[in-house]
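Participant: I'm passing along final06.tsv; it holds TSV, C-alpha atoms and all ligand atoms.
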```
chain	number	residue	atom	x	y	z
A	27	MET	CA	3.42	-20.68	-7.94
A	28	HIS	CA	3.64	-18.17	-10.76
A	29	PHE	CA	2.72	-14.59	-9.85
A	30	LEU	CA	1.86	-11.64	-12.05
A	31	VAL	CA	2.74	-8.46	-10.17
A	32	THR	CA	1.80	-4.98	-11.38
A	33	GLY	CA	3.77	-2.25	-9.60
A	34	GLY	CA	6.38	-4.90	-8.79
A	35	THR	CA	9.15	-2.28	-9.03
A	36	GLY	CA	7.66	-0.12	-6.24
A	37	PHE	CA	8.25	0.02	-2.49
A	38	ILE	CA	5.81	-2.78	-1.58
A	39	GLY	CA	6.14	-4.63	-4.90
A	40	GLN	CA	9.92	-5.03	-4.69
A	41	ALA	CA	9.69	-6.43	-1.17
A	42	PHE	CA	6.90	-8.81	-2.20
A	43	VAL	CA	8.86	-10.03	-5.24
A	44	LYS	CA	12.02	-10.55	-3.14
A	45	HIS	CA	10.02	-12.59	-0.63
A	46	ALA	CA	8.28	-14.64	-3.34
A	47	ILE	CA	11.58	-15.50	-5.01
A	48	LYS	CA	12.99	-16.66	-1.67
A	49	GLU	CA	9.97	-18.95	-1.45
A	50	ARG	CA	10.94	-20.32	-4.89
A	51	HIS	CA	8.01	-18.81	-6.81
A	52	THR	CA	8.41	-17.30	-10.27
A	53	ILE	CA	7.20	-13.84	-11.24
A	54	THR	CA	6.07	-11.79	-14.20
A	55	ILE	CA	6.29	-8.05	-13.50
A	56	LEU	CA	4.32	-5.51	-15.49
A	57	SER	CA	6.41	-2.33	-15.63
A	58	ARG	CA	6.56	0.81	-17.76
A	59	GLY	CA	10.36	0.82	-17.39
A	60	LYS	CA	13.06	-1.18	-19.13
A	61	HIS	CA	14.43	-4.01	-17.00
A	62	GLU	CA	16.53	-7.12	-17.58
A	63	SER	CA	14.56	-10.34	-17.05
A	64	CYS	CA	16.30	-13.21	-15.23
A	65	GLU	CA	15.56	-16.83	-14.43
A	66	SER	CA	12.86	-16.15	-11.84
A	67	ILE	CA	11.58	-12.74	-13.01
A	68	GLU	CA	10.24	-11.83	-16.41
A	69	PHE	CA	9.52	-8.15	-17.08
A	70	ILE	CA	6.79	-7.20	-19.54
A	71	ARG	CA	5.54	-3.77	-20.60
A	72	ASP	CA	2.09	-4.85	-21.76
A	73	LEU	CA	-0.28	-7.56	-20.49
A	74	GLU	CA	-0.96	-8.41	-24.16
A	75	GLN	CA	2.49	-10.09	-24.10
A	76	ILE	CA	1.01	-12.85	-21.94
A	77	ALA	CA	-0.25	-15.81	-23.98
A	78	ASP	CA	-3.76	-17.19	-23.33
A	79	ASN	CA	-2.28	-20.50	-22.15
A	80	HIS	CA	0.25	-18.89	-19.77
A	81	ARG	CA	-0.01	-20.26	-16.25
A	82	ILE	CA	-0.69	-17.52	-13.69
A	83	ASP	CA	-1.64	-18.74	-10.24
A	84	ALA	CA	-1.95	-15.39	-8.51
A	85	ILE	CA	-2.07	-11.71	-9.41
A	86	VAL	CA	-0.84	-8.93	-7.13
A	87	ASN	CA	-2.16	-5.62	-8.45
A	88	LEU	CA	-0.28	-2.69	-6.91
A	89	ALA	CA	0.39	-0.28	-9.79
A	90	GLY	CA	-0.59	3.34	-9.43
A	91	ALA	CA	0.90	6.83	-9.57
A	92	PRO	CA	2.15	7.92	-6.09
A	93	LEU	CA	-0.38	9.79	-3.94
A	94	GLY	CA	1.99	11.51	-1.54
A	95	ASP	CA	4.61	12.96	-3.86
A	96	LYS	CA	3.08	16.27	-4.92
A	97	ARG	CA	0.06	18.58	-4.86
A	98	TRP	CA	-3.03	17.12	-6.50
A	99	SER	CA	-3.82	19.21	-9.55
A	100	ASP	CA	-6.91	18.18	-11.52
A	101	SER	CA	-4.73	16.52	-14.15
A	102	TYR	CA	-2.69	14.67	-11.51
A	103	LYS	CA	-5.90	13.46	-9.88
A	104	THR	CA	-6.93	12.00	-13.23
A	105	GLN	CA	-3.55	10.25	-13.37
A	106	LEU	CA	-3.99	8.90	-9.82
A	107	ILE	CA	-7.34	7.41	-10.82
A	108	GLU	CA	-6.53	6.18	-14.30
A	109	SER	CA	-3.15	4.63	-13.45
A	110	ARG	CA	-4.99	2.35	-11.04
A	111	LEU	CA	-8.31	1.75	-12.79
A	112	GLU	CA	-6.87	1.32	-16.30
A	113	THR	CA	-4.28	-1.23	-15.10
A	114	THR	CA	-7.05	-3.11	-13.31
A	115	ARG	CA	-9.29	-3.04	-16.42
A	116	ARG	CA	-6.36	-4.59	-18.33
A	117	VAL	CA	-5.98	-7.26	-15.64
A	118	ILE	CA	-9.71	-8.05	-16.03
A	119	LYS	CA	-9.25	-8.32	-19.81
A	120	LEU	CA	-6.30	-10.65	-19.30
A	121	CYS	CA	-8.19	-12.91	-16.87
A	122	ASP	CA	-11.11	-13.11	-19.31
A	123	ARG	CA	-8.87	-14.61	-21.98
A	124	LEU	CA	-6.60	-16.84	-19.88
A	125	MET	CA	-7.35	-20.54	-20.40
A	126	LYS	CA	-7.07	-21.02	-16.65
A	127	ARG	CA	-7.97	-18.13	-14.36
A	128	PRO	CA	-5.68	-17.33	-11.40
A	129	SER	CA	-6.89	-18.72	-8.10
A	130	VAL	CA	-6.30	-15.51	-6.15
A	131	ILE	CA	-6.02	-11.77	-6.79
A	132	LEU	CA	-4.56	-9.38	-4.21
A	133	ASN	CA	-5.61	-5.86	-5.11
A	134	ALA	CA	-4.13	-2.84	-3.37
A	135	SER	CA	-6.43	-0.27	-1.81
A	136	ALA	CA	-5.85	1.97	1.20
A	137	ILE	CA	-7.28	3.00	4.54
A	138	GLY	CA	-8.03	6.25	2.71
A	139	TYR	CA	-11.26	4.32	1.92
A	140	TYR	CA	-12.63	5.46	5.31
A	141	GLY	CA	-11.93	9.19	4.90
A	142	SER	CA	-10.83	11.24	7.92
A	143	ARG	CA	-12.72	10.03	11.00
A	144	GLY	CA	-11.23	11.56	14.15
A	145	ASP	CA	-11.13	9.10	17.04
A	146	ASP	CA	-13.65	6.61	15.54
A	147	ILE	CA	-12.46	3.01	15.56
A	148	LEU	CA	-12.59	1.74	11.97
A	149	THR	CA	-12.85	-1.88	10.88
A	150	GLU	CA	-13.52	-3.50	7.53
A	151	ASP	CA	-17.26	-3.07	8.22
A	152	SER	CA	-17.05	0.70	8.71
A	153	THR	CA	-18.63	2.97	6.13
A	154	ALA	CA	-16.63	4.68	3.41
A	155	GLY	CA	-15.70	8.36	3.42
A	156	ASP	CA	-16.64	10.79	0.67
A	157	ASN	CA	-13.42	12.60	-0.21
A	158	PHE	CA	-11.23	12.10	-3.29
A	159	SER	CA	-9.00	9.29	-1.95
A	160	SER	CA	-11.97	7.46	-0.46
A	161	LYS	CA	-13.83	7.52	-3.76
A	162	LEU	CA	-10.67	6.35	-5.54
A	163	CYS	CA	-10.41	3.36	-3.18
A	164	GLN	CA	-14.12	2.58	-3.57
A	165	ASP	CA	-13.89	2.64	-7.37
A	166	TRP	CA	-10.72	0.53	-7.34
A	167	GLU	CA	-12.24	-2.09	-5.04
A	168	ALA	CA	-15.49	-2.19	-7.05
A	169	LEU	CA	-13.45	-2.89	-10.20
A	170	SER	CA	-11.23	-5.53	-8.62
A	171	ASN	CA	-14.31	-7.29	-7.23
A	172	LYS	CA	-15.31	-7.94	-10.85
A	173	LEU	CA	-12.38	-10.37	-10.98
A	174	GLY	CA	-14.04	-12.61	-8.41
A	175	CYS	CA	-15.65	-15.85	-9.64
A	176	PRO	CA	-15.96	-19.43	-8.36
A	177	ASP	CA	-12.36	-20.11	-9.51
A	178	THR	CA	-10.86	-16.82	-8.31
A	179	ARG	CA	-10.98	-15.21	-4.91
A	180	VAL	CA	-10.29	-11.49	-4.58
A	181	CYS	CA	-8.67	-9.88	-1.54
A	182	ASN	CA	-8.77	-6.08	-1.36
A	183	LEU	CA	-5.88	-4.86	0.76
A	184	ARG	CA	-6.58	-1.61	2.58
A	185	PHE	CA	-2.98	-0.72	3.36
A	186	GLY	CA	-2.18	1.61	6.21
A	187	VAL	CA	0.99	3.70	6.05
A	188	VAL	CA	3.73	1.17	5.35
A	189	PHE	CA	6.94	1.63	7.37
A	190	GLY	CA	10.14	0.18	5.94
A	191	ARG	CA	13.81	0.99	5.55
A	192	SER	CA	13.83	1.09	1.79
A	193	GLY	CA	11.27	3.83	1.15
A	194	GLY	CA	7.72	4.89	1.89
A	195	ALA	CA	6.38	7.48	4.31
A	196	LEU	CA	8.63	6.74	7.32
A	197	LYS	CA	11.74	7.43	5.28
A	198	GLN	CA	10.32	10.85	4.39
A	199	LEU	CA	8.97	11.56	7.89
A	200	SER	CA	12.30	10.71	9.54
A	201	GLN	CA	14.56	12.55	7.08
A	202	SER	CA	14.83	15.75	9.13
A	203	PHE	CA	15.54	13.75	12.33
A	204	ARG	CA	18.72	12.47	10.69
A	205	PHE	CA	19.81	16.15	10.58
A	206	LYS	CA	18.91	16.48	14.30
A	207	ILE	CA	15.70	18.43	13.62
A	208	GLY	CA	12.50	16.76	14.74
A	209	THR	CA	9.38	17.58	12.73
A	210	GLN	CA	5.75	16.86	13.33
A	211	ILE	CA	3.07	17.39	10.72
A	212	GLY	CA	0.10	19.19	12.22
A	213	GLU	CA	-0.82	19.37	15.89
A	214	GLY	CA	-0.30	15.61	16.36
A	215	ASN	CA	-3.78	14.56	17.49
A	216	GLN	CA	-4.56	12.80	14.23
A	217	TRP	CA	-4.43	8.97	14.23
A	218	MET	CA	-2.07	7.17	11.90
A	219	SER	CA	-2.62	3.51	11.15
A	220	TRP	CA	0.66	1.99	10.10
A	221	ILE	CA	2.19	-1.41	9.34
A	222	HIS	CA	5.77	-2.60	9.10
A	223	LEU	CA	6.72	-3.60	5.55
A	224	THR	CA	7.69	-7.10	6.77
A	225	ASP	CA	4.18	-7.62	8.15
A	226	ALA	CA	2.56	-6.19	5.01
A	227	ILE	CA	4.43	-8.79	2.94
A	228	ARG	CA	3.74	-11.57	5.46
A	229	ALA	CA	0.03	-10.66	5.38
A	230	MET	CA	0.02	-10.78	1.57
A	231	SER	CA	1.62	-14.26	1.57
A	232	PHE	CA	-0.82	-15.37	4.26
A	233	LEU	CA	-3.78	-14.31	2.10
A	234	VAL	CA	-2.35	-16.10	-0.94
A	235	GLU	CA	-1.78	-19.31	1.02
A	236	ARG	CA	-5.06	-19.46	3.00
A	237	GLU	CA	-7.48	-20.75	0.41
A	238	GLY	CA	-10.70	-19.81	2.20
A	239	LEU	CA	-9.86	-16.12	2.61
A	240	LYS	CA	-11.37	-13.42	0.44
A	241	GLY	CA	-12.94	-9.96	0.77
A	242	THR	CA	-11.54	-6.88	2.43
A	243	PHE	CA	-8.54	-6.79	4.77
A	244	ASN	CA	-7.15	-3.81	6.64
A	245	ILE	CA	-3.39	-4.20	6.34
A	246	THR	CA	-2.49	-2.30	9.50
A	247	SER	CA	-0.91	-3.06	12.86
A	248	PRO	CA	-3.40	-3.65	15.71
A	249	TYR	CA	-1.97	-0.54	17.45
A	250	PRO	CA	-2.51	2.67	15.48
A	251	THR	CA	-0.74	5.71	16.90
A	252	LYS	CA	-1.35	9.42	17.19
A	253	VAL	CA	1.04	11.40	15.01
A	254	GLY	CA	2.38	13.31	18.04
A	255	ARG	CA	3.44	10.05	19.70
A	256	LEU	CA	5.00	8.82	16.46
A	257	SER	CA	7.07	11.98	16.24
A	258	THR	CA	8.20	11.67	19.87
A	259	MET	CA	9.15	8.02	19.35
A	260	ILE	CA	11.13	8.75	16.18
A	261	GLY	CA	12.93	11.42	18.24
A	262	GLU	CA	13.81	8.82	20.88
A	263	LYS	CA	15.42	6.60	18.23
A	264	LEU	CA	17.04	9.47	16.33
A	265	PRO	CA	17.74	12.16	18.95
A	266	VAL	CA	17.23	15.75	17.84
A	267	ILE	CA	18.45	19.18	18.94
A	268	PHE	CA	15.04	20.78	18.57
A	269	HIS	CA	11.54	19.82	17.53
A	270	LEU	CA	9.39	21.71	15.03
A	271	VAL	CA	5.63	21.45	14.85
A	272	ILE	CA	4.45	22.40	11.36
A	273	PRO	CA	0.98	23.90	11.88
A	274	SER	CA	-1.88	22.30	9.93
A	275	ALA	CA	-2.69	25.63	8.24
A	276	LEU	CA	0.83	25.82	6.81
A	277	VAL	CA	0.80	22.16	5.70
A	278	LYS	CA	-2.51	22.83	3.90
A	279	LEU	CA	-1.13	25.96	2.29
A	280	ILE	CA	1.88	24.08	0.90
A	281	PHE	CA	0.31	20.76	-0.07
A	282	GLY	CA	-3.38	21.66	-0.61
A	283	GLU	CA	-5.93	18.83	-0.77
A	284	MET	CA	-3.21	16.18	-0.52
A	285	ALA	CA	-2.34	17.54	2.94
A	286	THR	CA	-5.93	17.39	4.18
A	287	GLU	CA	-6.49	13.86	2.88
A	288	LEU	CA	-3.14	12.22	3.56
A	289	LEU	CA	-0.93	14.16	5.96
A	290	LEU	CA	-3.54	15.55	8.35
A	291	SER	CA	-6.33	13.00	8.12
A	292	SER	CA	-7.13	10.85	11.15
A	293	GLN	CA	-7.71	7.13	10.69
A	294	ARG	CA	-7.81	4.77	13.66
A	295	VAL	CA	-8.04	1.46	11.83
A	296	LEU	CA	-7.96	-2.07	13.24
A	297	PRO	CA	-7.02	-5.20	11.26
A	298	ASN	CA	-10.02	-7.24	12.44
A	299	ALA	CA	-10.26	-9.52	9.38
A	300	LEU	CA	-6.57	-10.47	9.51
A	301	SER	CA	-6.71	-11.06	13.26
A	302	GLU	CA	-9.85	-13.19	12.98
A	303	ALA	CA	-8.11	-15.26	10.29
A	304	GLY	CA	-5.29	-15.98	12.77
A	305	PHE	CA	-2.56	-13.73	11.37
A	306	ASN	CA	0.25	-12.98	13.83
A	307	PHE	CA	2.20	-9.75	13.50
A	308	ALA	CA	5.99	-9.76	13.76
A	309	TYR	CA	5.98	-6.00	14.47
A	310	ALA	CA	2.66	-5.28	16.15
A	311	GLU	CA	4.09	-2.55	18.42
A	312	LEU	CA	5.31	0.80	17.15
A	313	ASP	CA	8.50	0.63	19.22
A	314	SER	CA	9.78	-2.60	17.66
A	315	ALA	CA	8.64	-1.53	14.17
A	316	LEU	CA	10.50	1.78	14.43
A	317	THR	CA	13.62	0.17	15.88
A	318	GLU	CA	13.80	-2.08	12.81
A	319	ALA	CA	12.63	0.36	10.15
A	320	LEU	CA	14.79	3.31	11.18
A	321	VAL	CA	18.06	1.46	10.61
A	322	GLU	CA	19.44	3.05	7.45
A	323	ALA	CA	19.09	0.78	4.40
B	1	LIG	N1	3.26	2.49	0.62
B	1	LIG	C1	2.19	2.76	1.37
B	1	LIG	O1	2.32	3.20	2.55
B	1	LIG	C2	0.80	2.55	0.82
B	1	LIG	C3	-0.30	2.83	1.66
B	1	LIG	C4	-1.59	2.67	1.17
B	1	LIG	C5	-1.79	2.21	-0.14
B	1	LIG	N2	-0.70	1.96	-0.94
B	1	LIG	C6	-0.96	1.54	-2.34
B	1	LIG	O2	-0.28	0.32	-2.62
B	1	LIG	C7	0.23	0.35	-3.94
B	1	LIG	C8	1.73	0.06	-3.89
B	1	LIG	O3	2.34	1.03	-3.05
B	1	LIG	P1	3.89	1.40	-3.15
B	1	LIG	O4	4.22	2.21	-1.97
B	1	LIG	O5	4.68	0.17	-3.44
B	1	LIG	O6	3.87	2.34	-4.43
B	1	LIG	P2	5.10	2.84	-5.33
B	1	LIG	O7	6.41	2.59	-4.66
B	1	LIG	O8	4.79	4.25	-5.72
B	1	LIG	O9	5.04	1.88	-6.60
B	1	LIG	C9	3.92	1.85	-7.44
B	1	LIG	C10	4.28	1.25	-8.78
B	1	LIG	O10	3.24	1.61	-9.68
B	1	LIG	C11	3.77	1.87	-10.96
B	1	LIG	N3	3.29	3.19	-11.41
B	1	LIG	C12	3.67	4.42	-10.96
B	1	LIG	N4	3.04	5.39	-11.65
B	1	LIG	C13	2.28	4.74	-12.57
B	1	LIG	C14	1.42	5.20	-13.60
B	1	LIG	N5	1.23	6.50	-13.83
B	1	LIG	N6	0.79	4.26	-14.37
B	1	LIG	C15	0.98	2.93	-14.14
B	1	LIG	N7	1.81	2.45	-13.21
B	1	LIG	C16	2.44	3.35	-12.42
B	1	LIG	C17	5.29	1.92	-10.85
B	1	LIG	O11	5.80	0.79	-11.60
B	1	LIG	P3	6.64	0.98	-12.97
B	1	LIG	O12	7.36	2.29	-12.85
B	1	LIG	O13	7.55	-0.19	-12.96
B	1	LIG	O14	5.63	0.96	-14.04
B	1	LIG	C18	5.58	1.77	-9.37
B	1	LIG	O15	6.64	0.89	-9.12
B	1	LIG	C19	-0.08	1.73	-4.52
B	1	LIG	O16	-1.19	1.65	-5.39
B	1	LIG	C20	-0.40	2.57	-3.31
B	1	LIG	O17	-1.34	3.60	-3.57
B	1	LIG	C21	0.58	2.11	-0.49
```
Just dump the structure as structure tokens.

Facilitator:
Amino acid sequence: MHFLVTGGTGFIGQAFVKHAIKERHTITILSRGKHESCESIEFIRDLEQIADNHRIDAIVNLAGAPLGDKRWSDSYKTQLIESRLETTRRVIKLCDRLMKRPSVILNASAIGYYGSRGDDILTEDSTAGDNFSSKLCQDWEALSNKLGCPDTRVCNLRFGVVFGRSGGALKQLSQSFRFKIGTQIGEGNQWMSWIHLTDAIRAMSFLVEREGLKGTFNITSPYPTKVGRLSTMIGEKLPVIFHLVIPSALVKLIFGEMATELLLSSQRVLPNALSEAGFNFAYAELDSALTEALVEA
């Protein structure tokens, strides 16, 4: 197959591309950076570089400015929105002019869709939240759904927090443990729905390959955890001399709205649609996922 991947240089994108190449697929990556193309990967900086008769079997749309890197000023919030929606509008424009439309589109979204919901169990049928990140996910999904047509199925991927060796949240969360200081963000009662990077990529391939599947998919392990337990378990794998709890009020003071929506929010999400479709997780349990993901890359 030939894939177009936006955000193919990122944490999830790189792993997806590596996997696709192993499976002998070819890739076009849309990137703002300068990269050397090779036999199986072509880098482009603009979707206009793709000819109308180019064969694209599948599109994986991941591009977007990072949500967890800094405080959300008003101008950064605009960047968070526009980096995602504008790329997706360009993908729509591309699909409208391609002589043959791709058969499947995987569009990133996030469990941020649900907002912060305490102990509620959340599935794909649960209602949306009403904070900034929830509205961003809703707008992104609404736009990607416009790509759906009889020839093209759209899968919106509500990623949980992706754990992998090469980057992402776990690398940041475990950094202090490597210096023997355990840290926990907030009081630890908030739920975190996570997925191992290997399973995120396996789920993406599964959705590409299973022709009948479309709609919304929570890309999370079946066993979400409370943040306190996560912290304790990281400490068991990377033993510490002492353990710091960073109070919610301080986290909010430092990181503002980003803290409330990402670091302290509680989302107990289940991957019902994936499970019903017969997907099997390689790292369903937190213990095995952490054992693998905490080995230094
Ligand atoms: N990782 C997670 O735990 C997680 C959880 C939930 C949802 N997601 C979503 O899944 C997607 C992929 O996640 P990721 O962790 O792989 O993200 P990532 O590592 O931050 O990579 C995102 C990619 O988007 C492109 N990008 C960055 N800023 C951009 C901008 N201002 N305009 C256009 N493109 C920009 C970059 O590609 P170039 O520099 O090559 O242009 C980058 O490689 C993201 O949209 C993210 O919000 C991720």

Participant: Can you work out which one of A:Leu148, A:Ile53, A:Leu111, A:Val180 has the shortest atom-to-atom distance to ligand LIG 1 (chain B), counting only C-alpha atoms and all ligand atoms?

Facilitator: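 Residue with the minimum atom-to-atom distance to ligand LIG 1 (chain B): A:Leu111.
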
Participant: Between A:Ile67, A:Met230, A:Leu320, A:Val295, single out the one closest to Gly141 (chain A), counting only C-alpha atoms.

Facilitator: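 With only C-alpha atoms as the atom set, the closest residue is A:Val295.
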
Participant: So that I can see what lies close to Ser142 (chain A), please list as an NGL selection string the residues with an atom at most 6 Å from it, counting only C-alpha atoms and leaving out residues fewer than 2 positions away in the same chain.

Facilitator: :A and (291-293)

Participant: Find the residues near ligand LIG 1 (chain B). Use a cut-off of 6 Å, count all atoms listed in the file, and write them as an NGL selection string.

Facilitator: :A and (33-39 or 57-59 or 88-92 or 109 or 134-136 or 185-188 or 194)

Participant: For a cut-off of 12 Å around (8.6, 1.5, 16.4), file coordinates, pick out all residues using all atoms listed in the file and list them as a CSV table (one decimal) with C-alpha atoms, in the coordinates of the input.

Facilitator:
```csv
chain,number,residue,atom,x,y,z
A,189,PHE,CA,6.9,1.6,7.4
A,190,GLY,CA,10.1,0.2,5.9
A,196,LEU,CA,8.6,6.7,7.3
A,220,TRP,CA,0.7,2.0,10.1
A,221,ILE,CA,2.2,-1.4,9.3
A,222,HIS,CA,5.8,-2.6,9.1
A,247,SER,CA,-0.9,-3.1,12.9
A,249,TYR,CA,-2.0,-0.5,17.4
A,250,PRO,CA,-2.5,2.7,15.5
A,251,THR,CA,-0.7,5.7,16.9
A,255,ARG,CA,3.4,10.0,19.7
A,256,LEU,CA,5.0,8.8,16.5
A,257,SER,CA,7.1,12.0,16.2
A,258,THR,CA,8.2,11.7,19.9
A,259,MET,CA,9.2,8.0,19.4
A,260,ILE,CA,11.1,8.8,16.2
A,261,GLY,CA,12.9,11.4,18.2
A,262,GLU,CA,13.8,8.8,20.9
A,263,LYS,CA,15.4,6.6,18.2
A,264,LEU,CA,17.0,9.5,16.3
A,308,ALA,CA,6.0,-9.8,13.8
A,309,TYR,CA,6.0,-6.0,14.5
A,310,ALA,CA,2.7,-5.3,16.2
A,311,GLU,CA,4.1,-2.6,18.4
A,312,LEU,CA,5.3,0.8,17.2
A,313,ASP,CA,8.5,0.6,19.2
A,314,SER,CA,9.8,-2.6,17.7
A,315,ALA,CA,8.6,-1.5,14.2
A,316,LEU,CA,10.5,1.8,14.4
A,317,THR,CA,13.6,0.2,15.9
A,318,GLU,CA,13.8,-2.1,12.8
A,319,ALA,CA,12.6,0.4,10.2
A,320,LEU,CA,14.8,3.3,11.2
A,321,VAL,CA,18.1,1.5,10.6
```

Participant: Taking into account all atoms listed in the file, which residue in the set A:Ser200, A:Ala41, A:Ala229, A:Glu287 is nearest to Gly155 (chain A)?

Facilitator: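 Among the listed residues, A:Glu287 lies closest to Gly155 (chain A).
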
Participant: Counting all atoms listed in the file, which of A:Gln105, A:Lys60, A:Ile55, A:Leu223 gets nearest to Asn87 (chain A)?

Facilitator: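 Of all the options, A:Ile55 lies closest to Asn87 (chain A).
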
Participant: Mind pulling up the distance from CA of Trp98 (chain A) to CA of Glu167 (chain A)?

Facilitator: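 A separation of 21.4 Å between them.
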
Participant: Give me the residues near Arg179 (chain A) as an MDAnalysis selection string, where near means some atom within 6 Å (using only C-alpha atoms) and where sequence neighbours in that chain fewer than 4 positions away do not count.

Facilitator: chainID A and resid 130 174 240

Participant: So the first atom is CA of Glu150 (chain A) and the second is CA of Thr32 (chain A); what is the distance between them in Å, to one decimal place?

Facilitator: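 Distance reported for this atom pair: 24.4 Å.
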
Participant: Give the answer as one residue: which of A:Asp122, A:Val86, A:Glu213, A:Gly238 has the shortest atom-to-atom distance to Leu183 (chain A), using only C-alpha atoms?

Facilitator: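 Among the listed residues, the smallest separation from Leu183 (chain A) belongs to A:Val86.
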
Participant: Using CA of Ile85 (chain A) and CA of Cys121 (chain A) as the two end points, give the distance in Å to one decimal.

Facilitator: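 Going from CA of Ile85 (chain A) over to CA of Cys121 (chain A) covers 9.7 Å.
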